[in-house]
>>> print(open('work-v9.csv').read())   # CSV, C-alpha atoms
chain,number,residue,atom,x,y,z
A,606,MET,CA,8.5,11.1,25.6
A,607,THR,CA,11.3,11.0,23.1
A,608,THR,CA,12.0,7.9,20.9
A,609,SER,CA,15.0,7.0,18.8
A,610,PRO,CA,14.7,7.6,15.0
A,611,GLY,CA,12.5,5.0,13.3
A,612,ALA,CA,11.3,3.4,16.6
A,613,TRP,CA,7.6,3.8,15.7
A,614,MET,CA,8.1,2.5,12.2
A,615,ARG,CA,10.1,-0.5,13.4
A,616,GLU,CA,7.4,-1.4,15.9
A,617,GLU,CA,4.5,-0.9,13.5
A,618,LEU,CA,6.0,-2.7,10.6
A,619,GLY,CA,6.9,-5.6,12.9
A,620,SER,CA,3.4,-5.9,14.1
A,621,GLN,CA,1.9,-6.6,10.7
A,622,PRO,CA,1.3,-10.4,11.0
A,623,GLU,CA,-0.5,-9.8,14.2
A,624,VAL,CA,-2.8,-7.0,13.0
A,625,TRP,CA,-3.5,-8.8,9.7
A,626,SER,CA,-4.8,-11.7,11.7
A,627,ARG,CA,-7.1,-9.4,13.7
A,628,ALA,CA,-8.4,-7.9,10.5
A,629,VAL,CA,-9.3,-11.3,9.1
A,630,GLU,CA,-11.6,-11.9,12.1
A,631,LEU,CA,-13.7,-8.8,11.4
A,632,THR,CA,-16.5,-10.7,9.7
A,633,ALA,CA,-19.2,-8.2,10.7
A,634,GLU,CA,-17.2,-5.3,9.3
A,635,ARG,CA,-16.5,-7.2,6.0
A,636,ALA,CA,-20.3,-7.6,5.6
A,637,LEU,CA,-20.5,-3.8,5.3
A,638,LEU,CA,-18.6,-3.9,2.0
A,639,PRO,CA,-20.5,-3.7,-1.3
A,640,ALA,CA,-22.3,-6.8,-2.4
A,641,VAL,CA,-21.1,-9.0,-5.1
A,642,GLY,CA,-22.1,-7.7,-8.5
A,643,GLN,CA,-22.3,-4.0,-7.4
A,644,ARG,CA,-20.3,-1.5,-9.4
A,645,ILE,CA,-18.0,0.4,-7.1
A,646,ALA,CA,-15.1,2.9,-6.9
A,647,VAL,CA,-12.4,2.9,-4.3
A,648,VAL,CA,-10.6,6.1,-3.5
A,649,GLY,CA,-7.7,7.3,-1.4
A,650,CYS,CA,-4.6,9.5,-1.3
A,651,GLY,CA,-1.0,8.3,-1.5
A,652,THR,CA,-0.6,4.9,0.1
A,653,SER,CA,-4.3,4.5,0.4
A,654,TRP,CA,-4.7,5.1,-3.4
A,655,PHE,CA,-2.2,2.3,-4.1
A,656,MET,CA,-4.1,0.0,-1.8
A,657,ALA,CA,-7.3,0.9,-3.7
A,658,GLN,CA,-5.6,-0.1,-6.9
A,659,SER,CA,-4.7,-3.5,-5.6
A,660,TYR,CA,-8.1,-4.1,-4.2
A,661,ALA,CA,-9.8,-3.0,-7.4
A,662,ALA,CA,-7.8,-5.6,-9.4
A,663,LEU,CA,-8.5,-8.3,-6.8
A,664,ARG,CA,-12.2,-7.7,-6.6
A,665,GLU,CA,-12.8,-7.5,-10.3
A,666,GLY,CA,-10.5,-10.4,-10.9
A,667,ALA,CA,-12.6,-12.5,-8.4
A,668,GLY,CA,-15.7,-11.7,-10.5
A,669,GLN,CA,-17.3,-9.6,-7.7
A,670,GLY,CA,-18.1,-6.7,-10.0
A,671,GLU,CA,-16.7,-3.7,-11.8
A,672,THR,CA,-14.2,-1.9,-9.5
A,673,ASP,CA,-12.4,1.3,-10.3
A,674,ALA,CA,-9.6,3.0,-8.2
A,675,PHE,CA,-9.0,6.7,-8.1
A,676,ALA,CA,-6.9,9.2,-6.3
A,677,ALA,CA,-9.5,11.1,-4.3
A,678,SER,CA,-8.6,14.4,-6.0
A,679,GLU,CA,-9.1,12.9,-9.5
A,680,ALA,CA,-12.1,10.6,-9.1
A,681,PHE,CA,-14.8,10.3,-11.8
A,682,LEU,CA,-17.8,9.4,-9.8
A,683,ASP,CA,-20.6,10.1,-12.3
A,684,ARG,CA,-20.5,6.5,-13.6
A,685,ASP,CA,-23.6,5.0,-11.9
A,686,TYR,CA,-21.6,3.5,-9.0
A,687,ASP,CA,-23.5,1.6,-6.4
A,688,ALA,CA,-21.0,2.5,-3.7
A,689,VAL,CA,-17.7,4.2,-3.0
A,690,ILE,CA,-15.1,3.0,-0.6
A,691,ALA,CA,-12.8,5.6,0.9
A,692,ILE,CA,-9.5,4.4,2.5
A,693,THR,CA,-7.8,6.8,4.9
A,694,ARG,CA,-5.6,6.2,7.9
A,695,SER,CA,-6.2,9.5,9.6
A,696,GLY,CA,-9.8,10.2,8.4
A,697,THR,CA,-8.8,13.9,8.1
A,698,THR,CA,-7.3,14.1,4.6
A,699,SER,CA,-9.0,17.0,2.9
A,700,GLU,CA,-9.5,15.5,-0.5
A,701,VAL,CA,-11.2,12.4,0.9
A,702,LEU,CA,-13.5,14.3,3.2
A,703,GLU,CA,-14.5,16.7,0.5
A,704,LEU,CA,-15.3,13.8,-1.8
A,705,VAL,CA,-17.3,11.8,0.7
A,706,ASP,CA,-19.2,14.9,1.8
A,707,GLY,CA,-20.2,15.6,-1.8
A,708,LEU,CA,-21.6,12.1,-2.2
A,709,ARG,CA,-24.0,12.3,0.8
A,710,GLY,CA,-27.5,11.3,-0.1
A,711,ARG,CA,-26.4,10.3,-3.6
A,712,ILE,CA,-24.1,7.3,-3.4
A,713,ARG,CA,-23.5,5.0,-0.5
A,714,THR,CA,-20.0,5.5,1.0
A,715,ILE,CA,-18.0,3.2,3.2
A,716,GLY,CA,-15.0,4.5,5.0
A,717,ILE,CA,-12.0,2.3,6.1
A,718,VAL,CA,-10.2,4.3,8.7
A,719,GLY,CA,-7.6,4.0,11.5
A,720,ASP,CA,-8.7,6.9,13.6
A,721,VAL,CA,-12.3,6.2,14.6
A,722,SER,CA,-12.7,9.6,16.2
A,723,SER,CA,-12.0,11.4,12.9
A,724,PRO,CA,-14.4,13.6,10.9
A,725,LEU,CA,-14.8,10.8,8.3
A,726,VAL,CA,-16.9,8.8,10.8
A,727,ASP,CA,-19.7,11.4,10.7
A,728,LEU,CA,-19.6,11.8,6.9
A,729,ALA,CA,-19.6,8.2,5.6
A,730,ASP,CA,-22.7,6.0,5.6
A,731,ASP,CA,-20.8,3.1,7.1
A,732,ILE,CA,-17.4,2.8,8.8
A,733,ILE,CA,-14.9,-0.1,9.0
A,734,GLY,CA,-12.6,1.0,11.8
A,735,LEU,CA,-9.1,-0.4,12.2
A,736,PRO,CA,-7.9,1.4,15.3
A,737,PHE,CA,-5.6,-1.4,16.2
A,738,ALA,CA,-3.7,-0.8,13.0
A,739,ASP,CA,-3.4,3.0,13.4
A,740,GLU,CA,0.1,4.4,13.6
A,741,LYS,CA,2.3,7.1,15.1
A,742,SER,CA,4.9,7.1,12.3
A,743,VAL,CA,4.3,9.5,9.5
A,744,VAL,CA,5.6,6.8,7.1
A,745,GLN,CA,2.7,4.4,6.9
A,746,THR,CA,3.1,0.6,6.9
A,747,ARG,CA,0.6,-1.5,8.9
A,748,PHE,CA,-2.6,0.4,8.4
A,749,ALA,CA,-2.4,0.1,4.6
A,750,THR,CA,-1.5,-3.5,4.6
A,751,THR,CA,-4.1,-4.4,7.2
A,752,ALA,CA,-6.8,-2.6,5.2
A,753,LEU,CA,-5.7,-4.5,2.1
A,754,THR,CA,-5.6,-7.8,3.9
A,755,LEU,CA,-9.2,-7.3,5.1
A,756,LEU,CA,-10.3,-6.4,1.5
A,757,ARG,CA,-8.3,-9.3,0.1
A,758,ALA,CA,-10.1,-11.7,2.4
A,759,SER,CA,-13.4,-10.2,1.4
A,760,THR,CA,-12.8,-11.4,-2.2
A,761,GLY,CA,-12.6,-15.0,-1.0
A,762,ALA,CA,-8.8,-15.1,-1.0
A,763,ASP,CA,-7.2,-17.3,1.7
A,764,VAL,CA,-4.7,-14.9,3.4
A,765,THR,CA,-3.2,-17.6,5.7
A,766,ASP,CA,-0.1,-17.9,3.6
A,767,SER,CA,0.3,-14.2,3.4
A,768,ILE,CA,0.3,-13.9,7.2
A,769,ARG,CA,2.7,-16.8,7.6
A,770,ASP,CA,5.0,-15.3,4.9
A,771,ALA,CA,4.9,-11.9,6.7
A,772,GLU,CA,6.4,-13.6,9.7
A,773,ARG,CA,9.1,-15.0,7.5
A,774,ALA,CA,9.7,-11.6,5.9
A,775,LEU,CA,10.4,-10.1,9.4
A,776,GLY,CA,13.0,-12.7,10.1
A,777,GLU,CA,14.9,-12.9,6.8
A,778,ASP,CA,18.3,-11.3,6.5
A,779,LEU,CA,18.3,-8.2,4.3
A,780,SER,CA,20.8,-8.0,1.4
A,781,PRO,CA,23.3,-5.2,1.7
A,782,GLU,CA,22.9,-4.7,-2.1
A,783,LEU,CA,19.3,-3.6,-1.4
A,784,ILE,CA,20.2,-1.3,1.5
A,785,ASP,CA,23.0,0.3,-0.5
A,786,ALA,CA,21.5,0.4,-4.0
A,787,GLU,CA,21.9,3.7,-5.7
A,788,GLN,CA,18.4,3.3,-7.3
A,789,VAL,CA,15.5,0.8,-7.0
A,790,THR,CA,12.7,0.1,-9.4
A,791,PHE,CA,9.7,-1.8,-8.2
A,792,LEU,CA,7.5,-3.8,-10.6
A,793,GLY,CA,4.2,-5.6,-10.3
A,794,ARG,CA,1.5,-7.3,-12.3
A,795,ASP,CA,-2.3,-7.3,-11.9
A,796,TRP,CA,-3.0,-6.6,-8.2
A,797,THR,CA,0.7,-6.2,-7.3
A,798,VAL,CA,1.1,-3.1,-9.4
A,799,GLY,CA,-0.4,-1.2,-6.5
A,800,ILE,CA,2.1,-2.9,-4.2
A,801,ALA,CA,5.0,-1.8,-6.4
A,802,HIS,CA,3.8,1.8,-6.4
A,803,GLU,CA,3.5,1.7,-2.6
A,804,ALA,CA,7.0,0.2,-2.1
A,805,ALA,CA,8.5,3.0,-4.2
A,806,LEU,CA,6.6,5.6,-2.3
A,807,LYS,CA,7.8,4.1,1.0
A,808,MET,CA,11.5,4.5,0.0
A,809,ARG,CA,11.0,8.0,-1.3
A,810,GLU,CA,9.2,9.1,1.9
A,811,SER,CA,11.5,7.4,4.4
A,812,CYS,CA,15.0,7.7,3.0
A,813,GLN,CA,14.6,10.2,0.1
A,814,ALA,CA,15.7,7.5,-2.3
A,815,TRP,CA,15.5,7.5,-6.1
A,816,THR,CA,12.8,4.9,-6.7
A,817,GLU,CA,10.4,4.2,-9.6
A,818,SER,CA,7.5,1.8,-10.1
A,819,TYR,CA,5.8,0.3,-13.2
A,820,PRO,CA,3.6,-2.5,-14.4
A,821,ALA,CA,6.2,-5.2,-15.1
A,822,MET,CA,5.3,-5.6,-18.8
A,823,GLU,CA,5.8,-1.9,-19.3
A,824,TYR,CA,9.3,-1.9,-17.8
A,825,ARG,CA,11.0,-2.9,-21.0
A,826,HIS,CA,9.3,-0.1,-22.8
A,827,GLY,CA,11.9,2.5,-21.7
A,828,PRO,CA,12.5,2.3,-17.9
A,829,LEU,CA,14.9,-0.6,-18.4
A,830,ALA,CA,17.4,2.0,-19.7
A,831,ILE,CA,18.3,3.1,-16.1
A,832,ALA,CA,19.2,-0.4,-14.9
A,833,ALA,CA,22.9,-0.7,-14.1
A,834,PRO,CA,25.4,-2.1,-11.7
A,835,GLY,CA,24.7,-0.9,-8.2
A,836,ARG,CA,21.0,-0.5,-8.8
A,837,ALA,CA,18.1,-3.0,-8.2
A,838,VAL,CA,14.9,-4.1,-9.8
A,839,TRP,CA,12.4,-5.6,-7.4
A,840,MET,CA,9.5,-7.7,-8.7
A,841,PHE,CA,6.4,-8.5,-6.6
A,842,GLY,CA,4.9,-11.8,-7.5
A,843,ASP,CA,5.5,-13.9,-10.7
A,844,ALA,CA,7.8,-12.2,-13.2
A,845,PRO,CA,7.2,-12.0,-16.9
A,846,SER,CA,9.1,-14.6,-18.9
A,847,GLY,CA,12.6,-13.4,-19.7
A,848,LEU,CA,12.6,-10.4,-17.5
A,849,ASP,CA,15.3,-11.8,-15.2
A,850,ALA,CA,17.6,-12.4,-18.1
A,851,ASP,CA,17.0,-8.9,-19.6
A,852,ILE,CA,17.9,-7.4,-16.2
A,853,ALA,CA,21.0,-9.6,-15.7
A,854,VAL,CA,22.5,-8.2,-18.9
A,855,THR,CA,22.4,-4.7,-17.3
A,856,GLY,CA,24.3,-5.7,-14.2
A,857,ALA,CA,21.5,-4.6,-11.9
A,858,ARG,CA,20.3,-6.9,-9.1
A,859,PHE,CA,17.0,-8.6,-9.8
A,860,GLU,CA,15.0,-9.2,-6.6
A,861,ASN,CA,12.1,-11.7,-6.9
A,862,SER,CA,11.1,-13.4,-3.7
A,863,ASP,CA,8.8,-16.5,-3.4
A,864,LEU,CA,7.0,-14.7,-0.5
A,865,ASP,CA,3.4,-13.7,-0.9
A,866,PRO,CA,3.6,-10.2,-2.5
A,867,LEU,CA,2.0,-8.4,0.4
A,868,ALA,CA,4.5,-10.1,2.7
A,869,ASP,CA,7.3,-9.1,0.4
A,870,LEU,CA,6.1,-5.5,0.9
A,871,VAL,CA,6.9,-6.0,4.6
A,872,ARG,CA,10.5,-6.8,3.5
A,873,ALA,CA,10.6,-3.6,1.5
A,874,HIS,CA,9.4,-1.7,4.6
A,875,ARG,CA,12.4,-3.1,6.4
A,876,VAL,CA,14.8,-2.1,3.7
A,877,ALA,CA,13.3,1.4,3.7
A,878,LEU,CA,13.8,1.7,7.4
A,879,GLU,CA,17.4,0.5,7.3
A,880,ARG,CA,18.2,2.8,4.4
A,881,SER,CA,16.7,5.7,6.3
A,882,LEU,CA,18.7,5.0,9.4
A,883,ALA,CA,21.9,4.5,7.5
A,884,ALA,CA,21.4,7.9,5.9
A,885,GLY,CA,20.9,9.5,9.3
A,886,LEU,CA,17.2,10.2,8.7
A,887,ASN,CA,14.1,9.7,10.8
A,888,PRO,CA,11.3,7.9,8.9
A,889,ASP,CA,8.8,8.7,11.8
A,890,LEU,CA,9.2,12.4,10.9
A,891,PRO,CA,10.3,12.6,7.3
A,892,ARG,CA,11.2,15.8,5.5
A,893,ASN,CA,8.3,17.9,4.2
A,894,LEU,CA,5.6,15.4,5.3
A,895,THR,CA,2.9,15.2,7.9
A,896,ARG,CA,0.6,12.4,9.0
A,897,SER,CA,-2.3,13.8,7.1
A,898,VAL,CA,-2.6,16.4,4.3
A,899,ILE,CA,-5.1,19.0,5.5
A,900,LEU,CA,-5.6,21.8,3.1
A,901,ASP,CA,-6.8,25.3,3.8
A,902,ALA,CA,-10.5,25.8,3.0
>>> encode(input="work-v9.csv", output="structure tokens")
Amino acid sequence: MTTSPGAWMREELGSQPEVWSRAVELTAERALLPAVGQRIAVVGCGTSWFMAQSYAALREGAGQGETDAFAASEAFLDRDYDAVIAITRSGTTSEVLELVDGLRGRIRTIGIVGDVSSPLVDLADDIIGLPFADEKSVVQTRFATTALTLLRASTGADVTDSIRDAERALGEDLSPELIDAEQVTFLGRDWTVGIAHEAALKMRESCQAWTESYPAMEYRHGPLAIAAPGRAVWMFGDAPSGLDADIAVTGARFENSDLDPLADLVRAHRVALERSLAAGLNPDLPRNLTRSVILDA
């Protein structure tokens, strides 16, 4: 069956409030996560790596234990970790499978996966399956945010406002300035740095846009130089003092919603989709990309 360009992405990003609510109800699955006080690492590739970064900041910030985040291909796992969490939508990504396989019998592994029939299921010690959040679109939206919602709830955070704000994000009008911007820079602080990196990746994947991402306090250490009229700077969460004024001088648009940062990512998903369609692209099948990176042995 053929579908119109972006049809999968549109349906999947629009379902996020619903699937986040389902994830919050997975109390038995949350019990599989490492205990408070354990030292852990969280790994993934691409989008999943950025979700790992956000979770690491949330868990350690909540006082639940030392938590590191790594790209699966660059992980340092000889640091006496009690457990390693691997996040992967497909469960087939080569770097993740190789890493988890290498840890068998040495360190407990927990896989968070969308495809519960994937090879990861047989490799990890425990599996948290999110098949209801799996996706057809190559450009990933709801699996990543659902995994992070579950992990965020596990730190004791109340995600009710996030789910409510996601509904609002789906209904808000999108500014033409964001859809037409020549360049967009995404910024975050603490756990939203991962959100910023993910938003930038979404636009690169879906519409081949020039996007960058930084910790917000680093932005004035050089990247501010590219801010200009016709460009945008998008901040997730509370902005550092004076940042809005510094950007106003450049003529760039400063975007800083009062939405929960994860819900604001939903709005960024919508902008990415609309930019893609306006450019005549199909974010469900983006150039040079596949659903999973599977390398030759």
>>> closest_residue(input="work-v9.csv", among="A:Ala868, A:Ile768, A:Leu882, A:Ile800", to="Ala662 (chain A)", atoms="only C-alpha atoms")
A:Ile800
>>> residues_around(input="work-v9.csv", residues="Leu638 (chain A)", least_positions_apart="6", cutoff="9 Å", atoms="all atoms listed in the file", output="list in words")
Ala688, Ile690, Ile715, Asp731, Ile733, Leu756 and Ser759 of chain A
>>> residues_around(input="work-v9.csv", residues="Val854 (chain A)", least_positions_apart="3", cutoff="12 Å", atoms="all atoms listed in the file", output="mmCIF file with C-alpha atoms, in the frame of the given file")
data_model
loop_
_atom_site.group_PDB
_atom_site.id
_atom_site.type_symbol
_atom_site.label_atom_id
_atom_site.label_comp_id
_atom_site.auth_asym_id
_atom_site.auth_seq_id
_atom_site.Cartn_x
_atom_site.Cartn_y
_atom_site.Cartn_z
ATOM 1 C CA LEU A 829 14.900 -0.600 -18.400
ATOM 2 C CA ALA A 830 17.400 2.000 -19.700
ATOM 3 C CA ALA A 832 19.200 -0.400 -14.900
ATOM 4 C CA ALA A 833 22.900 -0.700 -14.100
ATOM 5 C CA PRO A 834 25.400 -2.100 -11.700
ATOM 6 C CA GLY A 847 12.600 -13.400 -19.700
ATOM 7 C CA LEU A 848 12.600 -10.400 -17.500
ATOM 8 C CA ASP A 849 15.300 -11.800 -15.200
ATOM 9 C CA ALA A 850 17.600 -12.400 -18.100
ATOM 10 C CA ASP A 851 17.000 -8.900 -19.600
ATOM 11 C CA ALA A 857 21.500 -4.600 -11.900
ATOM 12 C CA ARG A 858 20.300 -6.900 -9.100
ATOM 13 C CA PHE A 859 17.000 -8.600 -9.800
#
>>> residues_around(input="work-v9.csv", residues="Gly611 (chain A)", least_positions_apart="5", cutoff="6 Å", atoms="all atoms listed in the file", output="JSON, numbers by chain")
{"A": [887, 888, 889]}
>>> closest_residue(input="work-v9.csv", among="A:Leu618, A:Val701, A:Ala646, A:Val838", to="Arg713 (chain A)", atoms="all atoms listed in the file")
A:Ala646
>>> closest_atom_pairs(input="work-v9.csv", of="region 866-897 of chain A", to="region 812-816 of chain A", cutoff="8 Å", atoms="all atoms listed in the file", output="Markdown table")
| residue | atom | partner | partner_atom | distance |
| --- | --- | --- | --- | --- |
| A:Ala877 | CA | A:Cys812 | CA | 6.6 |
| A:Leu878 | CA | A:Cys812 | CA | 7.5 |
| A:Arg880 | CA | A:Cys812 | CA | 6.0 |
| A:Ser881 | CA | A:Cys812 | CA | 4.2 |
| A:Leu882 | CA | A:Cys812 | CA | 7.9 |
| A:Ala884 | CA | A:Cys812 | CA | 7.0 |
| A:Leu886 | CA | A:Cys812 | CA | 6.6 |
| A:Pro888 | CA | A:Cys812 | CA | 7.0 |
>>> atom_distance(input="work-v9.csv", atom1="CA of Phe675 (chain A)", atom2="CA of Gly716 (chain A)")
14.6 Å
>>> residues_near_point(input="work-v9.csv", point="(-9.7, 0.7, -6.3)", cutoff="7 Å", atoms="all atoms listed in the file", output="VMD selection string")
chain A and resid 646 to 648 657 to 661 672 to 675
>>> residues_around(input="work-v9.csv", residues="Trp625 (chain A)", least_positions_apart="6", cutoff="10 Å", atoms="all atoms listed in the file", output="MDAnalysis selection string")
chainID A and resid 738 747:748 750:755 764:765 767:768 771
>>> closest_residue(input="work-v9.csv", among="A:Asn861, A:Thr652, A:Thr760, A:Ser811", to="Leu792 (chain A)", atoms="all atoms listed in the file")
A:Asn861
>>> closest_residue(input="work-v9.csv", among="A:Trp796, A:Phe681, A:Trp613, A:Trp654", to="Pro820 (chain A)", atoms="only C-alpha atoms")
A:Trp796
>>> closest_residue(input="work-v9.csv", among="A:Thr797, A:Ser626, A:Ser620, A:Ser780", to="Val871 (chain A)", atoms="only C-alpha atoms")
A:Ser620
>>> atom_distance(input="work-v9.csv", atom1="CA of Arg627 (chain A)", atom2="CA of Pro639 (chain A)")
20.9 Å
>>> decode(input="work-v9.csv", residues="region 703-725 of chain A", atoms="N, CA, C and O atoms", output="PDB file, in the first residue's frame")
ATOM      1  N   GLU A 703      26.458  -5.536  19.288  1.00  0.00           N
ATOM      2  CA  GLU A 703      27.829  -5.939  19.599  1.00  0.00           C
ATOM      3  C   GLU A 703      28.182  -5.605  21.045  1.00  0.00           C
ATOM      4  O   GLU A 703      28.802  -6.415  21.758  1.00  0.00           O
ATOM      5  N   LEU A 704      27.778  -4.425  21.486  1.00  0.00           N
ATOM      6  CA  LEU A 704      28.078  -4.014  22.857  1.00  0.00           C
ATOM      7  C   LEU A 704      27.382  -4.914  23.872  1.00  0.00           C
ATOM      8  O   LEU A 704      28.000  -5.392  24.833  1.00  0.00           O
ATOM      9  N   VAL A 705      26.083  -5.144  23.679  1.00  0.00           N
ATOM     10  CA  VAL A 705      25.323  -5.957  24.637  1.00  0.00           C
ATOM     11  C   VAL A 705      25.845  -7.392  24.650  1.00  0.00           C
ATOM     12  O   VAL A 705      25.993  -8.010  25.722  1.00  0.00           O
ATOM     13  N   ASP A 706      26.159  -7.916  23.489  1.00  0.00           N
ATOM     14  CA  ASP A 706      26.695  -9.272  23.416  1.00  0.00           C
ATOM     15  C   ASP A 706      28.019  -9.373  24.186  1.00  0.00           C
ATOM     16  O   ASP A 706      28.285 -10.364  24.878  1.00  0.00           O
ATOM     17  N   GLY A 707      28.843  -8.341  24.089  1.00  0.00           N
ATOM     18  CA  GLY A 707      30.121  -8.361  24.773  1.00  0.00           C
ATOM     19  C   GLY A 707      30.028  -8.254  26.274  1.00  0.00           C
ATOM     20  O   GLY A 707      30.992  -8.570  26.987  1.00  0.00           O
ATOM     21  N   LEU A 708      28.868  -7.824  26.769  1.00  0.00           N
ATOM     22  CA  LEU A 708      28.684  -7.676  28.217  1.00  0.00           C
ATOM     23  C   LEU A 708      28.043  -8.891  28.874  1.00  0.00           C
ATOM     24  O   LEU A 708      27.940  -8.943  30.102  1.00  0.00           O
ATOM     25  N   ARG A 709      27.645  -9.868  28.078  1.00  0.00           N
ATOM     26  CA  ARG A 709      26.934 -11.035  28.623  1.00  0.00           C
ATOM     27  C   ARG A 709      27.792 -11.744  29.663  1.00  0.00           C
ATOM     28  O   ARG A 709      28.963 -12.030  29.453  1.00  0.00           O
ATOM     29  N   GLY A 710      27.180 -11.972  30.805  1.00  0.00           N
ATOM     30  CA  GLY A 710      27.869 -12.655  31.891  1.00  0.00           C
ATOM     31  C   GLY A 710      28.769 -11.768  32.715  1.00  0.00           C
ATOM     32  O   GLY A 710      29.361 -12.229  33.694  1.00  0.00           O
ATOM     33  N   ARG A 711      28.898 -10.490  32.337  1.00  0.00           N
ATOM     34  CA  ARG A 711      29.780  -9.576  33.065  1.00  0.00           C
ATOM     35  C   ARG A 711      29.030  -8.439  33.748  1.00  0.00           C
ATOM     36  O   ARG A 711      29.259  -8.134  34.909  1.00  0.00           O
ATOM     37  N   ILE A 712      28.142  -7.809  33.006  1.00  0.00           N
ATOM     38  CA  ILE A 712      27.365  -6.684  33.533  1.00  0.00           C
ATOM     39  C   ILE A 712      25.911  -6.895  33.116  1.00  0.00           C
ATOM     40  O   ILE A 712      25.633  -7.269  31.972  1.00  0.00           O
ATOM     41  N   ARG A 713      25.004  -6.656  34.029  1.00  0.00           N
ATOM     42  CA  ARG A 713      23.581  -6.789  33.696  1.00  0.00           C
ATOM     43  C   ARG A 713      23.196  -5.768  32.642  1.00  0.00           C
ATOM     44  O   ARG A 713      23.581  -4.605  32.706  1.00  0.00           O
ATOM     45  N   THR A 714      22.437  -6.212  31.651  1.00  0.00           N
ATOM     46  CA  THR A 714      21.976  -5.322  30.589  1.00  0.00           C
ATOM     47  C   THR A 714      20.456  -5.309  30.539  1.00  0.00           C
ATOM     48  O   THR A 714      19.795  -6.331  30.718  1.00  0.00           O
ATOM     49  N   ILE A 715      19.920  -4.116  30.285  1.00  0.00           N
ATOM     50  CA  ILE A 715      18.480  -3.925  30.130  1.00  0.00           C
ATOM     51  C   ILE A 715      18.257  -3.262  28.784  1.00  0.00           C
ATOM     52  O   ILE A 715      18.827  -2.198  28.500  1.00  0.00           O
ATOM     53  N   GLY A 716      17.476  -3.875  27.925  1.00  0.00           N
ATOM     54  CA  GLY A 716      17.188  -3.301  26.620  1.00  0.00           C
ATOM     55  C   GLY A 716      15.831  -2.620  26.607  1.00  0.00           C
ATOM     56  O   GLY A 716      14.847  -3.180  27.108  1.00  0.00           O
ATOM     57  N   ILE A 717      15.769  -1.431  26.068  1.00  0.00           N
ATOM     58  CA  ILE A 717      14.495  -0.742  25.826  1.00  0.00           C
ATOM     59  C   ILE A 717      14.321  -0.703  24.321  1.00  0.00           C
ATOM     60  O   ILE A 717      15.106  -0.066  23.603  1.00  0.00           O
ATOM     61  N   VAL A 718      13.300  -1.397  23.820  1.00  0.00           N
ATOM     62  CA  VAL A 718      13.222  -1.677  22.394  1.00  0.00           C
ATOM     63  C   VAL A 718      11.784  -1.560  21.888  1.00  0.00           C
ATOM     64  O   VAL A 718      10.829  -1.814  22.634  1.00  0.00           O
ATOM     65  N   GLY A 719      11.654  -1.176  20.623  1.00  0.00           N
ATOM     66  CA  GLY A 719      10.336  -1.112  20.004  1.00  0.00           C
ATOM     67  C   GLY A 719       9.926  -2.431  19.385  1.00  0.00           C
ATOM     68  O   GLY A 719       8.774  -2.870  19.519  1.00  0.00           O
ATOM     69  N   ASP A 720      10.855  -3.094  18.715  1.00  0.00           N
ATOM     70  CA  ASP A 720      10.578  -4.371  18.046  1.00  0.00           C
ATOM     71  C   ASP A 720      10.931  -5.512  18.998  1.00  0.00           C
ATOM     72  O   ASP A 720      12.103  -5.847  19.179  1.00  0.00           O
ATOM     73  N   VAL A 721       9.919  -6.111  19.582  1.00  0.00           N
ATOM     74  CA  VAL A 721      10.160  -7.154  20.589  1.00  0.00           C
ATOM     75  C   VAL A 721      10.456  -8.513  19.963  1.00  0.00           C
ATOM     76  O   VAL A 721      10.594  -9.509  20.682  1.00  0.00           O
ATOM     77  N   SER A 722      10.572  -8.573  18.648  1.00  0.00           N
ATOM     78  CA  SER A 722      11.001  -9.808  17.989  1.00  0.00           C
ATOM     79  C   SER A 722      12.439  -9.687  17.481  1.00  0.00           C
ATOM     80  O   SER A 722      12.916 -10.562  16.756  1.00  0.00           O
ATOM     81  N   SER A 723      13.122  -8.651  17.887  1.00  0.00           N
ATOM     82  CA  SER A 723      14.454  -8.352  17.361  1.00  0.00           C
ATOM     83  C   SER A 723      15.531  -9.167  18.080  1.00  0.00           C
ATOM     84  O   SER A 723      15.299  -9.731  19.154  1.00  0.00           O
ATOM     85  N   PRO A 724      16.748  -9.208  17.525  1.00  0.00           N
ATOM     86  CA  PRO A 724      17.845  -9.959  18.145  1.00  0.00           C
ATOM     87  C   PRO A 724      18.214  -9.479  19.547  1.00  0.00           C
ATOM     88  O   PRO A 724      18.713 -10.262  20.358  1.00  0.00           O
ATOM     89  N   LEU A 725      17.967  -8.209  19.853  1.00  0.00           N
ATOM     90  CA  LEU A 725      18.318  -7.698  21.173  1.00  0.00           C
ATOM     91  C   LEU A 725      17.620  -8.464  22.284  1.00  0.00           C
ATOM     92  O   LEU A 725      18.179  -8.640  23.377  1.00  0.00           O
TER      93      LEU A 725
END
